[in-house]
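S.K.: Structure file work-v6.csv (CSV, C-alpha atoms) is given on the next line.
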```csv
chain,number,residue,atom,x,y,z
A,283,MET,CA,14.7,17.9,13.3
A,284,LYS,CA,15.7,14.7,11.7
A,285,MET,CA,17.6,11.9,13.4
A,286,THR,CA,21.0,11.1,12.0
A,287,THR,CA,21.4,7.8,13.7
A,288,SER,CA,20.7,4.7,11.7
A,289,ASN,CA,17.1,3.8,12.1
A,290,LYS,CA,16.1,0.5,10.4
A,291,LEU,CA,12.5,-0.8,10.1
A,292,THR,CA,12.0,-4.4,11.3
A,293,LYS,CA,9.6,-7.1,10.1
A,294,LYS,CA,7.3,-6.2,13.0
A,295,GLU,CA,6.6,-2.6,11.8
A,296,LEU,CA,6.2,-3.7,8.2
A,297,ASN,CA,3.8,-6.5,9.2
A,298,GLN,CA,1.8,-3.9,11.2
A,299,VAL,CA,1.6,-1.7,8.1
A,300,PHE,CA,0.4,-4.6,6.0
A,301,TRP,CA,-2.4,-5.6,8.4
A,302,ARG,CA,-3.5,-2.0,8.8
A,303,SER,CA,-3.7,-1.7,5.1
A,304,PHE,CA,-6.9,-3.8,5.1
A,305,GLY,CA,-8.7,-0.7,6.5
A,306,LEU,CA,-7.9,1.6,3.6
A,307,GLU,CA,-11.6,2.1,2.8
A,308,TRP,CA,-12.9,2.2,6.3
A,309,SER,CA,-12.5,6.0,6.7
A,310,TRP,CA,-12.9,7.0,3.0
A,311,ASN,CA,-14.0,10.6,2.6
A,312,TYR,CA,-14.8,12.8,-0.4
A,313,GLU,CA,-12.1,15.4,0.3
A,314,ARG,CA,-9.0,13.2,0.5
A,315,GLN,CA,-10.4,9.8,0.1
A,316,MET,CA,-8.2,7.1,1.7
A,317,ASN,CA,-5.8,9.6,3.4
A,318,MET,CA,-6.7,8.8,7.1
A,319,SER,CA,-6.4,5.1,6.6
A,320,TYR,CA,-3.1,5.5,4.7
A,321,CYS,CA,-1.7,7.6,7.6
A,322,TYR,CA,-3.0,5.0,10.1
A,323,SER,CA,-1.3,2.3,8.2
A,324,MET,CA,2.0,4.2,8.3
A,325,LEU,CA,1.9,5.0,12.0
A,326,PRO,CA,4.1,2.0,13.1
A,327,VAL,CA,6.8,3.2,10.7
A,328,ILE,CA,6.5,6.8,11.8
A,329,LYS,CA,6.6,5.9,15.5
A,330,LYS,CA,9.7,3.7,15.0
A,331,LEU,CA,11.7,6.1,12.8
A,332,TYR,CA,10.9,9.4,14.5
A,333,PRO,CA,11.2,9.5,18.3
A,334,ASN,CA,10.8,13.3,18.2
A,335,LYS,CA,7.1,14.4,18.4
A,336,GLU,CA,7.6,17.2,15.9
A,337,ASP,CA,9.1,14.8,13.3
A,338,GLN,CA,6.2,12.4,13.9
A,339,VAL,CA,3.7,15.2,13.3
A,340,ALA,CA,5.4,16.2,10.1
A,341,ALA,CA,5.4,12.6,8.8
A,342,MET,CA,1.7,12.2,9.7
A,343,LYS,CA,0.9,15.4,7.8
A,344,ARG,CA,2.8,14.0,4.8
A,345,HIS,CA,0.5,11.0,4.8
A,346,LEU,CA,-2.7,12.9,5.4
A,347,GLU,CA,-2.5,14.3,1.9
A,348,PHE,CA,-4.9,13.0,-0.8
A,349,PHE,CA,-4.6,9.3,-1.5
A,350,ASN,CA,-6.7,6.9,-3.6
A,351,THR,CA,-5.9,3.7,-5.4
A,352,THR,CA,-7.0,0.1,-5.5
A,353,PRO,CA,-6.5,-1.3,-2.0
A,354,GLN,CA,-5.0,-4.5,-3.3
A,355,LEU,CA,-2.1,-2.6,-4.9
A,356,ALA,CA,-1.8,0.2,-2.3
A,357,THR,CA,0.5,-2.0,-0.3
A,358,LEU,CA,3.2,-1.5,-3.0
A,359,ILE,CA,2.9,2.3,-2.4
A,360,LEU,CA,2.9,1.7,1.4
A,361,GLY,CA,6.1,-0.3,1.1
A,362,ILE,CA,7.8,2.4,-1.0
A,363,SER,CA,6.6,5.1,1.5
A,364,ALA,CA,8.1,3.1,4.4
A,365,ALA,CA,11.4,2.8,2.6
A,366,MET,CA,11.4,6.5,1.8
A,367,GLU,CA,10.6,7.4,5.4
A,368,GLU,CA,13.4,5.2,6.5
A,369,SER,CA,15.8,7.0,4.1
A,370,ASN,CA,14.4,10.4,5.4
A,371,ALA,CA,15.0,9.4,9.0
A,372,ASN,CA,18.6,8.4,8.3
A,373,ASP,CA,19.6,11.2,5.8
A,374,PRO,CA,19.3,14.8,6.8
A,375,GLU,CA,19.6,15.8,3.2
A,376,PHE,CA,16.6,13.7,2.1
A,377,ASP,CA,13.9,15.6,0.2
A,378,THR,CA,10.6,14.9,2.0
A,379,GLU,CA,8.6,16.3,-0.9
A,380,SER,CA,9.6,13.3,-2.9
A,381,ILE,CA,7.6,11.0,-0.6
A,382,ASN,CA,4.3,12.5,-1.7
A,383,SER,CA,5.5,12.9,-5.3
A,384,VAL,CA,6.1,9.2,-5.5
A,385,LYS,CA,2.7,8.4,-3.9
A,386,VAL,CA,0.9,10.7,-6.4
A,387,SER,CA,2.7,9.4,-9.4
A,388,LEU,CA,1.8,5.8,-8.6
A,389,MET,CA,-1.8,6.2,-7.5
A,390,GLY,CA,-3.3,6.6,-11.0
A,391,PRO,CA,-1.5,3.9,-12.9
A,392,LEU,CA,-1.9,1.4,-10.1
A,393,ALA,CA,-5.6,2.2,-9.8
A,394,GLY,CA,-6.1,1.5,-13.5
A,395,ILE,CA,-4.4,-1.8,-13.3
A,396,GLY,CA,-5.9,-2.8,-9.9
A,397,ASP,CA,-9.5,-1.7,-10.6
A,398,THR,CA,-9.4,-3.7,-13.9
A,399,LEU,CA,-7.9,-6.9,-12.4
A,400,PHE,CA,-9.0,-6.9,-8.8
A,401,TRP,CA,-12.4,-5.3,-9.0
A,402,THR,CA,-13.6,-6.3,-12.4
A,403,LEU,CA,-11.9,-9.1,-14.3
A,404,LEU,CA,-10.8,-11.7,-11.7
A,405,PRO,CA,-13.8,-11.4,-9.4
A,406,THR,CA,-16.3,-11.6,-12.3
A,407,ILE,CA,-14.7,-14.6,-13.8
A,408,MET,CA,-13.9,-16.5,-10.7
A,409,GLY,CA,-17.1,-15.4,-8.9
A,410,SER,CA,-19.2,-16.7,-11.8
A,411,ILE,CA,-17.5,-20.0,-11.8
A,412,ALA,CA,-17.6,-20.3,-8.0
A,413,GLY,CA,-21.2,-19.1,-7.9
A,414,TYR,CA,-22.3,-21.6,-10.6
A,415,MET,CA,-20.6,-24.4,-8.7
A,416,ALA,CA,-22.2,-23.4,-5.4
A,417,LEU,CA,-25.7,-23.1,-7.1
A,418,GLU,CA,-25.2,-26.7,-8.3
A,419,GLY,CA,-24.6,-27.8,-4.7
A,420,ASN,CA,-20.9,-28.2,-5.2
A,421,PRO,CA,-19.0,-27.0,-2.1
A,422,ILE,CA,-15.9,-26.6,-4.2
A,423,GLY,CA,-17.4,-23.3,-5.4
A,424,VAL,CA,-17.1,-21.8,-1.9
A,425,ILE,CA,-13.6,-23.2,-1.5
A,426,LEU,CA,-12.6,-21.8,-4.9
A,427,TRP,CA,-13.9,-18.3,-3.9
A,428,LEU,CA,-11.9,-18.5,-0.6
A,429,ILE,CA,-8.8,-19.6,-2.5
A,430,VAL,CA,-9.1,-16.6,-4.9
A,431,ASN,CA,-9.3,-14.2,-1.9
A,432,LEU,CA,-6.3,-15.9,-0.2
A,433,ILE,CA,-4.4,-15.3,-3.4
A,434,PHE,CA,-5.4,-11.6,-3.3
A,435,ILE,CA,-4.1,-11.4,0.2
A,436,CYS,CA,-0.8,-13.1,-0.8
A,437,ILE,CA,-0.4,-10.6,-3.6
A,438,ARG,CA,-1.0,-7.7,-1.2
A,439,SER,CA,1.6,-9.1,1.1
A,440,GLN,CA,4.3,-9.6,-1.6
A,441,LEU,CA,3.7,-6.1,-3.0
A,442,MET,CA,4.3,-4.6,0.4
A,443,TRP,CA,7.7,-6.4,0.7
A,444,ILE,CA,8.7,-5.6,-2.9
A,445,GLY,CA,7.8,-1.9,-2.3
A,446,TYR,CA,9.9,-1.8,0.8
A,447,ARG,CA,12.8,-3.7,-0.5
A,448,GLU,CA,13.0,-2.0,-3.9
A,449,GLY,CA,11.9,1.5,-2.8
A,450,THR,CA,12.1,4.1,-5.4
A,451,LYS,CA,14.4,1.9,-7.6
A,452,LEU,CA,11.3,0.1,-8.5
A,453,ILE,CA,9.9,3.2,-10.2
A,454,THR,CA,12.9,3.6,-12.4
A,455,LYS,CA,12.9,-0.1,-13.3
A,456,VAL,CA,9.2,-0.3,-14.2
A,457,GLY,CA,8.5,3.4,-15.0
A,458,GLY,CA,8.3,3.2,-18.8
A,459,LYS,CA,6.5,-0.2,-18.7
A,460,LEU,CA,3.8,1.0,-16.3
A,461,ALA,CA,2.0,3.0,-18.9
A,462,ARG,CA,1.9,0.0,-21.3
A,463,ILE,CA,0.7,-2.2,-18.5
A,464,THR,CA,-2.0,0.3,-17.6
A,465,ASP,CA,-3.1,0.5,-21.2
A,466,ALA,CA,-3.2,-3.3,-21.5
A,467,ALA,CA,-5.2,-3.6,-18.4
```
As structure tokens, please, write out the structure in this file.
M.R.:
Amino acid sequence: MKMTTSNKLTKKELNQVFWRSFGLEWSWNYERQMNMSYCYSMLPVIKKLYPNKEDQVAAMKRHLEFFNTTPQLATLILGISAAMEESNANDPEFDTESINSVKVSLMGPLAGIGDTLFWTLLPTIMGSIAGYMALEGNPIGVILWLIVNLIFICIRSQLMWIGYREGTKLITKVGGKLARITDAA
């Protein structure tokens, strides 16, 4: 039973989702990979939007389906999921199947981009430079490595807010370009 009153997420819930997203690989498993951590990340949203226990259980089940993508880009999907859950809580006609469909459609392309950039290219280049500087006794190497990781955290944060603000509109805007970006990465 969906609520028809206007439920709106606040910065508080979205910040909780963002900070919880850092645990996406803590409970990784072979069957559904990051699903438990994804659901854990979405709990503040679910609890805020669905006061009814049955609705909370249904939402948790939606987010316990298979999920796997690069953790740095997962916040984009989390933001979109939060926006879609908000729409679902406020619109009795909302198709809940679309929430998982969007997650599934974004996992692969974002994993291709994210794995290339965040796990291979940038850490290798910046890690080599920072490591060489550190081996030479230059403390800027350590500082450089910290700055790179802070940039990654800022990217994660911004993607969370972009995903929430743009919701599914983002997919239609970027949809055709995403395949080209993935191929380029």
S.K.: Specify the axis-aligned box that encloses all atoms of region 436-452 of chain A listed in the file after padding of 8 Å on each side, stating its centre and edge lengths in Å to one decimal as lines of an AutoDock Vina configuration file.
M.R.:
```
center_x = 6.7
center_y = -4.5
center_z = -3.7
size_x = 31.4
size_y = 33.2
size_z = 25.6
```
S.K.: Considering all atoms listed in the file, give me a table of residues in region 296-396 of chain A that are at most 12 Å from region 401-422 of chain A, with the closest atom pair and distance in Å for each, as a tab-separated table.
M.R.:
```
residue	atom	partner	partner_atom	distance
A:Thr351	CA	A:Trp401	CA	11.7
A:Thr352	CA	A:Trp401	CA	8.4
A:Pro353	CA	A:Trp401	CA	10.0
A:Gln354	CA	A:Trp401	CA	9.4
A:Leu355	CA	A:Trp401	CA	11.4
A:Ala393	CA	A:Trp401	CA	10.2
A:Gly394	CA	A:Trp401	CA	10.3
A:Ile395	CA	A:Trp401	CA	9.7
A:Gly396	CA	A:Trp401	CA	7.0
```
S.K.: Within 9 Å of Asn317 (chain A), counting all atoms listed in the file, which residues qualify if same-chain residues fewer than 4 places away don't, as a PyMOL selection string?
M.R.: chain A and resi 306+309-311+321-322+345-350
S.K.: Can you tell me how far CA of Trp301 (chain A) sits from CA of Lys330 (chain A), in Å to one decimal?
M.R.: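 That distance, rounded to one decimal, is 16.6 Å.
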S.K.: When you draw a straight line from CA of Ser323 (chain A) to CA of Ser303 (chain A), how long is it in Å?
M.R.: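 About the pair CA of Ser323 (chain A) and CA of Ser303 (chain A): they are 5.6 Å apart.
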S.K.: From the options A:Ile433, A:Leu441, A:Arg447, A:Val424, which residue's atoms come nearest to Thr357 (chain A), counting all atoms listed in the file?
M.R.: A:Leu441
S.K.: How many Å separate CA of Val327 (chain A) from CA of Asp397 (chain A)?
M.R.: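 That distance, rounded to one decimal, is 27.3 Å.
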